[in-house]
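Colleague: This is start_10.cif (mmCIF, C-alpha atoms).
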```cif
data_target
#
loop_
_atom_site.label_atom_id
_atom_site.label_comp_id
_atom_site.auth_asym_id
_atom_site.auth_seq_id
_atom_site.Cartn_x
_atom_site.Cartn_y
_atom_site.Cartn_z
CA MET A 18 47.88 71.11 101.12
CA LYS A 19 50.43 73.28 99.26
CA ARG A 20 47.80 74.14 96.65
CA ASN A 21 45.32 75.14 99.33
CA LEU A 22 47.99 77.18 101.10
CA LEU A 23 48.89 79.16 97.97
CA LYS A 24 45.21 79.66 97.17
CA GLN A 25 44.54 81.00 100.65
CA MET A 26 47.58 83.31 100.43
CA GLY A 27 46.30 84.53 97.07
CA ASN A 28 42.93 85.35 98.58
CA GLU A 29 44.70 87.37 101.28
CA TRP A 30 47.07 89.09 98.83
CA ARG A 31 46.52 92.65 100.09
CA GLU A 32 47.54 91.78 103.65
CA ASN A 33 50.38 89.59 102.44
CA ILE A 34 51.83 92.32 100.20
CA TRP A 35 52.19 94.66 103.15
CA LEU A 36 53.72 91.88 105.24
CA VAL A 37 56.23 91.06 102.46
CA LEU A 38 57.19 94.74 102.22
CA GLU A 39 57.66 94.87 105.99
CA LEU A 40 59.89 91.80 105.88
CA PHE A 41 61.78 93.31 102.92
CA VAL A 42 62.59 96.51 104.82
CA VAL A 43 63.62 94.53 107.90
CA LEU A 44 65.78 92.21 105.77
CA ILE A 45 67.56 95.11 104.05
CA ALA A 46 68.31 96.81 107.39
CA VAL A 47 69.65 93.60 108.96
CA TRP A 48 71.57 92.82 105.76
CA PHE A 49 73.29 96.21 105.67
CA LEU A 50 74.35 96.20 109.33
CA SER A 51 75.41 92.54 109.23
CA ALA A 52 77.54 93.11 106.12
CA MET A 53 79.22 96.22 107.56
CA THR A 54 79.90 94.57 110.90
CA TYR A 55 81.21 91.40 109.24
CA HIS A 56 83.40 93.49 106.94
CA LEU A 57 84.99 95.46 109.79
CA VAL A 58 85.60 92.31 111.82
CA SER A 59 87.08 90.43 108.84
CA VAL A 60 89.43 93.34 108.04
CA TYR A 61 90.47 93.63 111.70
CA THR A 62 91.22 89.91 112.00
CA ALA A 63 93.14 89.68 108.69
CA PRO A 64 96.95 89.21 108.79
CA ARG A 65 98.78 92.36 109.92
CA GLY A 66 101.88 91.84 107.82
CA PHE A 67 104.13 91.89 110.90
CA ASP A 68 104.39 90.67 114.50
CA PRO A 69 103.93 93.42 117.16
CA GLU A 70 104.64 91.12 120.10
CA ASP A 71 107.45 92.46 122.38
CA VAL A 72 108.12 95.41 120.02
CA TYR A 73 108.74 98.90 121.42
CA TYR A 74 108.81 102.29 119.74
CA LEU A 75 111.26 105.10 120.64
CA GLU A 76 110.97 108.45 118.91
CA VAL A 77 114.21 110.14 117.82
CA LYS A 78 114.35 113.81 118.84
CA GLN A 79 116.89 116.65 118.98
CA LEU A 80 117.43 119.35 121.55
CA ASN A 81 116.21 122.82 120.74
CA GLU A 82 118.87 125.49 120.22
CA LYS A 83 117.50 127.33 123.25
CA SER A 84 118.26 124.36 125.50
CA PRO A 85 121.17 125.00 127.90
CA ARG A 86 122.57 121.57 127.00
CA PHE A 87 122.53 122.23 123.25
CA THR A 88 125.88 121.84 121.48
CA HIS A 89 126.54 123.96 118.37
CA PHE A 90 128.19 122.04 115.54
CA GLY A 91 127.59 124.51 112.74
CA GLU A 92 127.71 122.95 109.29
CA GLU A 93 128.65 119.58 110.76
CA ALA A 94 125.44 119.34 112.80
CA LYS A 95 123.77 116.82 110.50
CA ALA A 96 126.72 114.43 110.46
CA ARG A 97 127.32 114.80 114.21
CA ASN A 98 123.68 114.07 114.98
CA GLY A 99 123.84 111.02 112.72
CA GLU A 100 126.92 109.72 114.52
CA ASP A 101 125.24 110.25 117.89
CA LEU A 102 122.08 108.45 116.76
CA LEU A 103 124.14 105.49 115.55
CA ALA A 104 125.94 105.43 118.93
CA LEU A 105 122.57 105.31 120.73
CA LEU A 106 121.36 102.56 118.39
CA ASN A 107 124.46 100.44 119.01
CA ARG A 108 124.07 100.96 122.75
CA VAL A 109 120.49 99.65 122.57
CA ARG A 110 121.64 96.71 120.46
CA ARG A 111 124.19 95.74 123.12
CA SER A 112 121.54 95.52 125.82
CA PRO A 113 121.18 91.97 127.21
CA ASN A 114 117.40 92.50 127.16
CA VAL A 115 117.19 93.33 123.44
CA GLU A 116 116.83 90.78 120.65
CA ALA A 117 117.08 93.24 117.73
CA ALA A 118 116.91 97.00 117.15
CA GLY A 119 116.88 99.31 114.16
CA VAL A 120 115.87 102.78 113.00
CA SER A 121 113.30 103.73 110.40
CA LEU A 122 111.64 106.43 108.33
CA ASN A 123 107.91 105.70 107.94
CA GLY A 124 108.73 102.16 109.03
CA CYS A 125 106.68 101.98 112.20
CA PRO A 126 103.17 100.56 111.77
CA TYR A 127 100.12 102.51 112.96
CA GLN A 128 101.49 105.79 111.58
CA PHE A 129 98.84 107.28 109.31
CA SER A 130 101.17 108.62 106.64
CA HIS A 131 102.10 107.59 103.14
CA PHE A 132 105.61 107.90 101.76
CA GLY A 133 104.17 106.96 98.42
CA THR A 134 105.61 106.55 94.96
CA GLN A 135 105.00 104.64 91.72
CA ILE A 136 107.13 101.77 90.53
CA VAL A 137 107.04 99.95 87.22
CA PRO A 138 108.97 96.83 86.16
CA LYS A 139 111.51 97.28 83.39
CA GLY A 140 109.87 96.70 80.01
CA ASP A 141 106.34 96.92 81.43
CA SER A 142 103.69 99.64 81.34
CA ILE A 143 101.66 98.73 84.44
CA TYR A 144 102.41 100.98 87.39
CA MET A 145 102.18 99.87 90.99
CA TYR A 146 101.45 102.37 93.76
CA ILE A 147 103.43 101.63 96.91
CA ASN A 148 104.02 102.94 100.42
CA MET A 149 107.77 103.03 100.95
CA ARG A 150 109.14 102.12 104.38
CA ILE A 151 112.83 102.82 104.96
CA VAL A 152 114.31 100.71 107.75
CA SER A 153 117.54 99.28 109.09
CA PRO A 154 118.05 95.67 107.99
CA ASP A 155 117.62 94.67 111.66
CA VAL A 156 113.98 95.78 111.52
CA ALA A 157 113.27 92.63 109.50
CA ARG A 158 113.90 90.73 112.73
CA VAL A 159 112.16 93.34 114.87
CA LEU A 160 108.84 93.36 112.98
CA ARG A 161 109.15 89.88 111.45
CA PHE A 162 107.44 90.72 108.17
CA GLU A 163 105.04 88.01 106.99
CA SER A 164 106.62 86.24 104.03
CA LEU A 165 104.60 85.02 101.05
CA ASP A 166 107.46 82.86 99.75
CA ASP A 167 108.51 81.08 102.97
CA LYS A 168 111.49 83.28 103.82
CA THR A 169 112.57 83.79 107.42
CA PRO A 170 113.19 87.18 109.10
CA GLU A 171 116.91 86.40 108.98
CA GLN A 172 116.72 85.89 105.21
CA HIS A 173 114.82 89.15 104.84
CA GLU A 174 117.53 90.89 106.85
CA ALA A 175 120.26 89.40 104.65
CA LEU A 176 118.50 90.62 101.50
CA LEU A 177 118.15 94.12 102.93
CA ARG A 178 121.85 94.18 103.84
CA LYS A 179 122.66 93.32 100.21
CA GLY A 180 120.70 96.38 99.12
CA GLU A 181 117.65 94.47 97.88
CA PHE A 182 114.05 95.24 98.74
CA LEU A 183 111.03 93.50 100.17
CA ILE A 184 107.88 94.07 98.16
CA ALA A 185 104.16 93.55 98.72
CA THR A 186 101.76 93.92 95.82
CA TYR A 187 98.04 94.69 96.02
CA ARG A 188 94.84 93.23 94.68
CA GLU A 189 94.36 95.38 91.58
CA TYR A 190 97.92 94.73 90.42
CA ASP A 191 97.63 91.00 91.09
CA ARG A 192 94.59 90.83 88.78
CA ILE A 193 96.74 92.07 85.89
CA ARG A 194 100.19 90.68 86.62
CA ASP A 195 101.68 87.73 88.49
CA PRO A 196 103.57 89.24 91.46
CA ARG A 197 106.08 86.39 91.39
CA LYS A 198 107.40 87.74 88.08
CA LEU A 199 108.66 90.82 89.91
CA MET A 200 111.34 88.79 91.66
CA GLY A 201 114.81 89.69 90.40
CA ARG A 202 113.40 92.15 87.86
CA PRO A 203 114.57 95.80 87.79
CA LEU A 204 111.88 98.13 89.10
CA PHE A 205 111.94 101.86 88.31
CA ALA A 206 110.50 104.55 90.57
CA ASN A 207 108.48 107.37 88.99
CA GLU A 208 109.85 106.59 85.50
CA ASP A 209 113.34 107.42 86.75
CA SER A 210 115.72 104.74 85.47
CA THR A 211 118.40 105.96 87.90
CA LYS A 212 116.29 104.67 90.82
CA THR A 213 116.31 100.91 90.35
CA TYR A 214 114.93 98.42 92.85
CA ILE A 215 115.58 94.69 92.90
CA SER A 216 113.59 92.30 95.07
CA HIS A 217 113.79 88.58 95.73
CA ALA A 218 111.18 88.48 98.52
CA LEU A 219 107.40 88.82 98.53
CA ILE A 220 105.80 89.88 101.81
CA ASN A 221 102.32 90.65 103.05
CA ASN A 222 101.23 94.29 103.05
CA VAL A 223 102.27 96.24 106.16
CA CYS A 224 99.15 98.33 106.68
CA ARG A 225 98.92 101.58 108.61
CA SER A 226 96.00 100.28 110.62
CA GLU A 227 94.31 96.97 111.32
CA PHE A 228 91.09 98.60 110.17
CA GLU A 229 92.66 99.38 106.78
CA GLU A 230 91.77 96.74 104.22
CA ARG A 231 94.90 94.90 103.13
CA GLY A 232 96.22 95.39 99.64
CA VAL A 233 93.29 97.29 98.13
CA ASP A 234 94.98 100.09 96.21
CA ARG A 235 98.57 100.27 97.40
CA GLY A 236 101.49 97.94 97.99
CA THR A 237 104.51 98.13 100.30
CA LEU A 238 108.19 98.48 99.52
CA ILE A 239 110.71 97.91 102.32
CA ARG A 240 113.98 99.70 101.58
CA SER A 241 117.05 99.49 103.79
CA VAL A 242 119.16 102.25 105.32
CA SER A 243 122.68 101.23 106.36
CA ASP A 244 124.48 102.23 109.54
CA ASP A 245 126.83 104.37 107.41
CA GLU A 246 123.85 106.28 106.04
CA VAL A 247 122.52 106.78 109.56
CA ALA A 248 125.93 108.09 110.65
CA SER A 249 126.01 110.51 107.70
CA GLY A 250 122.80 112.16 108.92
CA ALA A 251 120.06 110.39 106.99
CA ASP A 252 116.52 111.43 107.97
CA ILE A 253 115.32 109.15 110.77
CA TRP A 254 112.08 109.39 112.70
CA ASP A 255 112.11 106.53 115.15
CA MET A 256 113.76 103.46 116.58
CA LEU A 257 112.11 100.04 116.79
CA VAL A 258 113.25 97.49 119.37
CA ARG A 259 112.28 93.85 119.87
CA VAL A 260 112.76 92.93 123.52
CA LYS A 261 113.52 89.35 124.50
CA PRO A 262 110.44 87.50 125.83
CA GLY A 263 109.86 88.27 129.50
CA LYS A 264 112.46 91.07 129.56
CA GLU A 265 110.10 94.03 129.03
CA LYS A 266 110.33 95.28 132.63
CA ALA A 267 114.11 94.79 132.75
CA PHE A 268 114.53 96.76 129.50
CA MET A 269 112.40 99.64 130.77
CA GLU A 270 114.45 99.80 134.00
CA GLU A 271 117.73 99.64 132.07
CA PHE A 272 116.61 102.45 129.76
CA GLY A 273 115.60 104.63 132.70
CA ASN A 274 118.88 104.01 134.58
CA SER A 275 121.24 104.36 131.59
CA PRO A 276 121.83 107.94 130.39
CA ASP A 277 124.12 106.66 127.63
CA MET A 278 121.14 104.73 126.20
CA ARG A 279 118.75 107.69 126.36
CA GLU A 280 120.76 110.62 125.00
CA ARG A 281 124.00 111.71 123.41
CA ARG A 282 124.74 115.40 123.01
CA ASN A 283 121.87 116.88 120.93
CA VAL A 284 120.11 113.59 120.14
CA TYR A 285 117.84 111.82 122.58
CA LEU A 286 115.22 109.03 122.59
CA THR A 287 111.76 109.23 124.11
CA PRO A 288 110.81 106.50 126.63
CA PRO A 289 109.92 103.15 125.00
CA VAL A 290 106.25 102.65 124.16
CA SER A 291 104.77 99.24 123.40
CA LEU A 292 103.54 98.84 119.83
CA TYR A 293 100.32 97.48 121.31
CA LYS A 294 99.78 100.78 123.16
CA ILE A 295 100.41 102.74 119.95
CA ARG A 296 97.92 100.47 118.21
CA ASP A 297 95.30 101.04 120.89
CA ASN A 298 95.73 104.81 120.64
CA ALA A 299 95.58 104.74 116.84
CA HIS A 300 92.52 102.47 116.86
CA ARG A 301 90.57 104.13 119.65
CA SER A 302 88.01 105.84 117.40
CA ALA A 303 87.77 102.86 115.03
CA VAL A 304 87.22 100.43 117.92
CA MET A 305 84.53 102.71 119.36
CA ASN A 306 82.81 102.78 115.95
CA LEU A 307 83.01 98.99 115.72
CA ARG A 308 81.55 98.56 119.21
CA MET A 309 78.79 101.03 118.38
CA LEU A 310 78.02 99.18 115.14
CA VAL A 311 77.90 95.83 116.96
CA GLY A 312 75.64 97.35 119.61
CA ILE A 313 73.31 98.84 117.00
CA THR A 314 73.18 95.51 115.18
CA PHE A 315 72.33 93.67 118.40
CA CYS A 316 69.61 96.19 119.30
CA LEU A 317 68.20 95.95 115.78
CA LEU A 318 68.05 92.17 116.00
CA VAL A 319 66.15 92.41 119.30
CA MET A 320 63.75 94.93 117.77
CA VAL A 321 63.31 92.74 114.68
CA PHE A 322 62.47 89.71 116.80
CA LEU A 323 60.02 91.61 119.01
CA GLY A 324 58.47 93.40 116.02
CA LEU A 325 57.95 90.21 114.02
CA LEU A 326 56.71 88.42 117.13
CA GLY A 327 54.09 91.15 117.62
CA THR A 328 53.09 91.17 113.96
CA PHE A 329 52.56 87.44 113.72
CA TRP A 330 51.02 87.23 117.19
CA TYR A 331 48.29 89.63 116.06
CA ARG A 332 48.00 87.81 112.72
CA ILE A 333 47.50 84.41 114.39
CA HIS A 334 45.19 85.86 117.04
CA ARG A 335 42.86 86.91 114.23
CA ARG A 336 42.95 83.34 112.88
CA GLU A 337 42.05 81.54 116.09
CA SER A 338 38.63 80.64 114.69
CA GLU A 339 40.24 79.25 111.53
CA ILE A 340 42.60 77.13 113.67
CA ALA A 341 39.62 75.88 115.70
CA ILE A 342 37.69 74.90 112.54
CA ARG A 343 40.68 72.96 111.25
CA LYS A 344 40.97 71.12 114.58
CA VAL A 345 37.25 70.27 114.49
CA ASN A 346 37.70 68.88 110.97
CA GLY A 347 40.45 66.52 112.14
CA ALA A 348 43.65 68.49 111.62
CA THR A 349 46.32 67.83 114.22
CA SER A 350 48.32 70.51 115.96
CA GLY A 351 51.36 69.46 113.90
CA ASP A 352 49.42 69.90 110.63
CA ILE A 353 48.29 73.38 111.61
CA LEU A 354 51.74 74.45 112.80
CA ARG A 355 53.41 73.19 109.60
CA ARG A 356 50.86 75.09 107.51
CA LEU A 357 51.47 78.33 109.39
CA LEU A 358 55.25 77.88 109.26
CA SER A 359 55.07 77.16 105.51
CA GLU A 360 53.14 80.38 105.01
CA GLY A 361 55.79 82.30 106.95
CA MET A 362 58.61 80.73 104.90
CA VAL A 363 56.89 81.63 101.62
CA LEU A 364 56.46 85.25 102.73
CA THR A 365 60.10 85.43 103.87
CA ALA A 366 61.26 83.88 100.58
CA LEU A 367 59.39 86.55 98.62
CA ALA A 368 60.97 89.29 100.74
CA GLY A 369 64.38 87.64 100.26
CA ALA A 370 63.88 87.57 96.48
CA LEU A 371 63.11 91.31 96.49
CA ALA A 372 66.21 91.97 98.61
CA ALA A 373 68.38 89.88 96.25
CA VAL A 374 67.09 91.83 93.22
CA THR A 375 67.87 95.08 95.04
CA ALA A 376 71.42 93.87 95.77
CA VAL A 377 71.98 92.90 92.12
CA ILE A 378 70.85 96.37 91.02
CA CYS A 379 73.20 98.02 93.53
CA PHE A 380 76.16 95.96 92.29
CA SER A 381 75.38 96.52 88.59
CA THR A 382 75.06 100.30 89.05
CA ASP A 383 78.28 100.58 91.13
CA PHE A 384 76.24 101.81 94.08
CA LEU A 385 78.46 99.68 96.30
CA PRO A 386 82.27 100.18 96.28
CA ASP A 387 84.26 97.64 94.31
CA SER A 388 86.05 95.66 97.00
CA GLU A 389 86.55 91.91 96.90
CA THR A 390 86.44 91.62 100.68
CA LEU A 391 83.38 93.86 100.94
CA ASN A 392 81.62 91.93 98.17
CA LYS A 393 82.17 88.68 100.04
CA CYS A 394 80.92 90.29 103.23
CA VAL A 395 77.79 91.57 101.46
CA MET A 396 77.01 88.08 100.16
CA ALA A 397 77.74 86.48 103.53
CA GLY A 398 75.73 89.22 105.24
CA GLY A 399 72.79 88.55 102.93
CA VAL A 400 72.74 84.87 103.79
CA LEU A 401 73.12 85.68 107.48
CA ALA A 402 70.36 88.33 107.37
CA PHE A 403 67.96 85.98 105.60
CA GLY A 404 68.64 83.28 108.18
CA ILE A 405 68.12 85.70 111.07
CA VAL A 406 64.84 87.04 109.67
CA LEU A 407 63.60 83.53 108.84
CA ILE A 408 64.35 82.33 112.39
CA ALA A 409 62.59 85.40 113.80
CA VAL A 410 59.54 84.76 111.58
CA LEU A 411 59.35 81.08 112.49
CA ALA A 412 59.72 81.90 116.19
CA GLY A 413 57.15 84.66 115.85
CA ILE A 414 54.72 82.15 114.35
CA SER A 415 55.46 79.15 116.56
CA ILE A 416 55.03 80.85 119.95
CA PRO A 417 51.55 82.38 119.40
CA ALA A 418 50.44 79.39 117.26
CA LYS A 419 51.09 76.93 120.08
CA ILE A 420 49.17 79.17 122.47
CA ALA A 421 46.25 79.48 120.02
CA MET A 422 46.08 75.70 119.50
CA ARG A 423 45.60 75.16 123.24
CA ILE A 424 42.30 77.06 123.11
CA GLU A 425 39.28 74.77 122.99
CA PRO A 426 37.42 75.02 119.63
CA ALA A 427 34.13 75.82 121.43
CA ILE A 428 35.71 78.82 123.14
CA ALA A 429 37.46 79.99 119.94
CA LEU A 430 34.19 79.80 117.96
CA LYS A 431 31.85 81.29 120.56
CA ASP A 432 31.61 84.61 118.67
CA GLU A 433 31.07 83.01 115.24
#
```
What would you get if you wrote out this structure as structure tokens?

Modeller:
Amino acid sequence: MKRNLLKQMGNEWRENIWLVLELFVVLIAVWFLSAMTYHLVSVYTAPRGFDPEDVYYLEVKQLNEKSPRFTHFGEEAKARNGEDLLALLNRVRRSPNVEAAGVSLNGCPYQFSHFGTQIVPKGDSIYMYINMRIVSPDVARVLRFESLDDKTPEQHEALLRKGEFLIATYREYDRIRDPRKLMGRPLFANEDSTKTYISHALINNVCRSEFEERGVDRGTLIRSVSDDEVASGADIWDMLVRVKPGKEKAFMEEFGNSPDMRERRNVYLTPPVSLYKIRDNAHRSAVMNLRMLVGITFCLLVMVFLGLLGTFWYRIHRRESEIAIRKVNGATSGDILRRLLSEGMVLTALAGALAAVTAVICFSTDFLPDSETLNKCVMAGGVLAFGIVLIAVLAGISIPAKIAMRIEPAIALKDE
């Protein structure tokens, strides 16, 4: 039967070539959209590097000189503002609704900025590019950085208070060096031996967005800023607060009813905003793109199914007389259906082989970006696309074939 099938397909090679090319184009389109959708979803669902639950963001601002409430401090303005900010921070910390609070410079997630630098271990020549986040030690308990060496947020906070750093490496660096060997080793910034970092904690990358692939080309360095530095006027952008579970409403009411928590002379805090709301605002365009891509993929799958159903319906309609002859010669409906399905699987396999060769060429010529996650998604998308097209082909054959086999042979052969 297999020999007869291949011989028949060989006799119909012109028609089959066009059908294989059609399946190839469909397979490539489904493959591309499936891989891109799978990649975006896998990046979005990967670990964030922190816990945004019950975390609120308050921006640190200063009154304009034209404000009637502005106080002139002259040359002492920077130090006075620092003292006032520390007073506001301590007031927030004393709130019965707050679990932990701290200030930061580039420390809040979902801010699309890089405070970047290069660091290199002492005695090494391999640089690591990092995004530096300067935070109060308390922020370790606020954001609860994801540890890669089983340390707790309290241990992270203790290390930051000692002047140590939390570090997250990235994929390219990990391919060359073992990140665990960075622990306790002096790290220099921008070849400046006066700026030395010591870390005894590995954490997961704190990305700027959940649509940013983790650890591709840049790591994270968490550096602490002490309360004394804050009081001296260190640059601070924002305050991060972890509210006790179930106390969100109480904290918002307390903040609104407590002037001493909101402002102090020239320094004031903007109303608290949930980190989830900041995330939603930062992700709005990316989420819309993801929804659009999912919608396009779904529409394409519907079109693929209907298109293949129409193609094979017409193909089997033309072979109704052949099906009738086989039934007259003793073939059962199961034999005929298996033969038609086998033909469809062979054609799909040929199209899949062409698509696989195309993918290999794209990888070998660097047509696709070099990303481990994306490469896995492309391979998974290829398998998924082949399965989808194969199911569509088999369904497109089975439905019209069963209808054609119900036709009496005398009726099917009346025009022969």

Colleague: Around (61.5, 81.5, 101.7) in the file's own coordinates, what residues are found within 12 Å if you use only C-alpha atoms, given back as a list in words?

Modeller: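 Counting only C-alpha atoms, I find these residues within 12 Å of (61.5, 81.5, 101.7): Val37, Leu40, Phe41, Leu358, Ser359, Glu360, Gly361, Met362, Val363, Leu364, Thr365, Ala366, Leu367, Ala368, Gly369, Ala370, Leu371, Ala372, Val400, Phe403, Gly404, Val406, Leu407, Ile408, Val410 and Leu411 of chain A.
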
Colleague: Residues at most 9 Å from range 283-299 of chain A, counting only C-alpha atoms, excluding those fewer than 3 positions away in the same chain, as a PyMOL selection string?

Modeller: chain A and resi 69-81+86-89+97-99+101-102+105+125-129+226-227+255-256+258+269+272-273+278-280+302-304

Colleague: Do you know which residues lie at most 6 Å from (45.3, 75.9, 115.7), with coordinates as in the file and all atoms listed in the file counted, and could you write them as an MDAnalysis selection string?

Modeller: chainID A and resid 340:341 353 421:422

Colleague: Report, in Å with one decimal, the straight-line distance from CA of Ile333 in chain A to CA of Leu318 in chain A.

Modeller: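 Spanning CA of Ile333 in chain A to CA of Leu318 in chain A is a straight-line distance of 22.0 Å.
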
Colleague: Quick one: pull the distance between CA of Leu257 in chain A and CA of Val152 in chain A, Å, one decimal.

Modeller: 9.3 Å
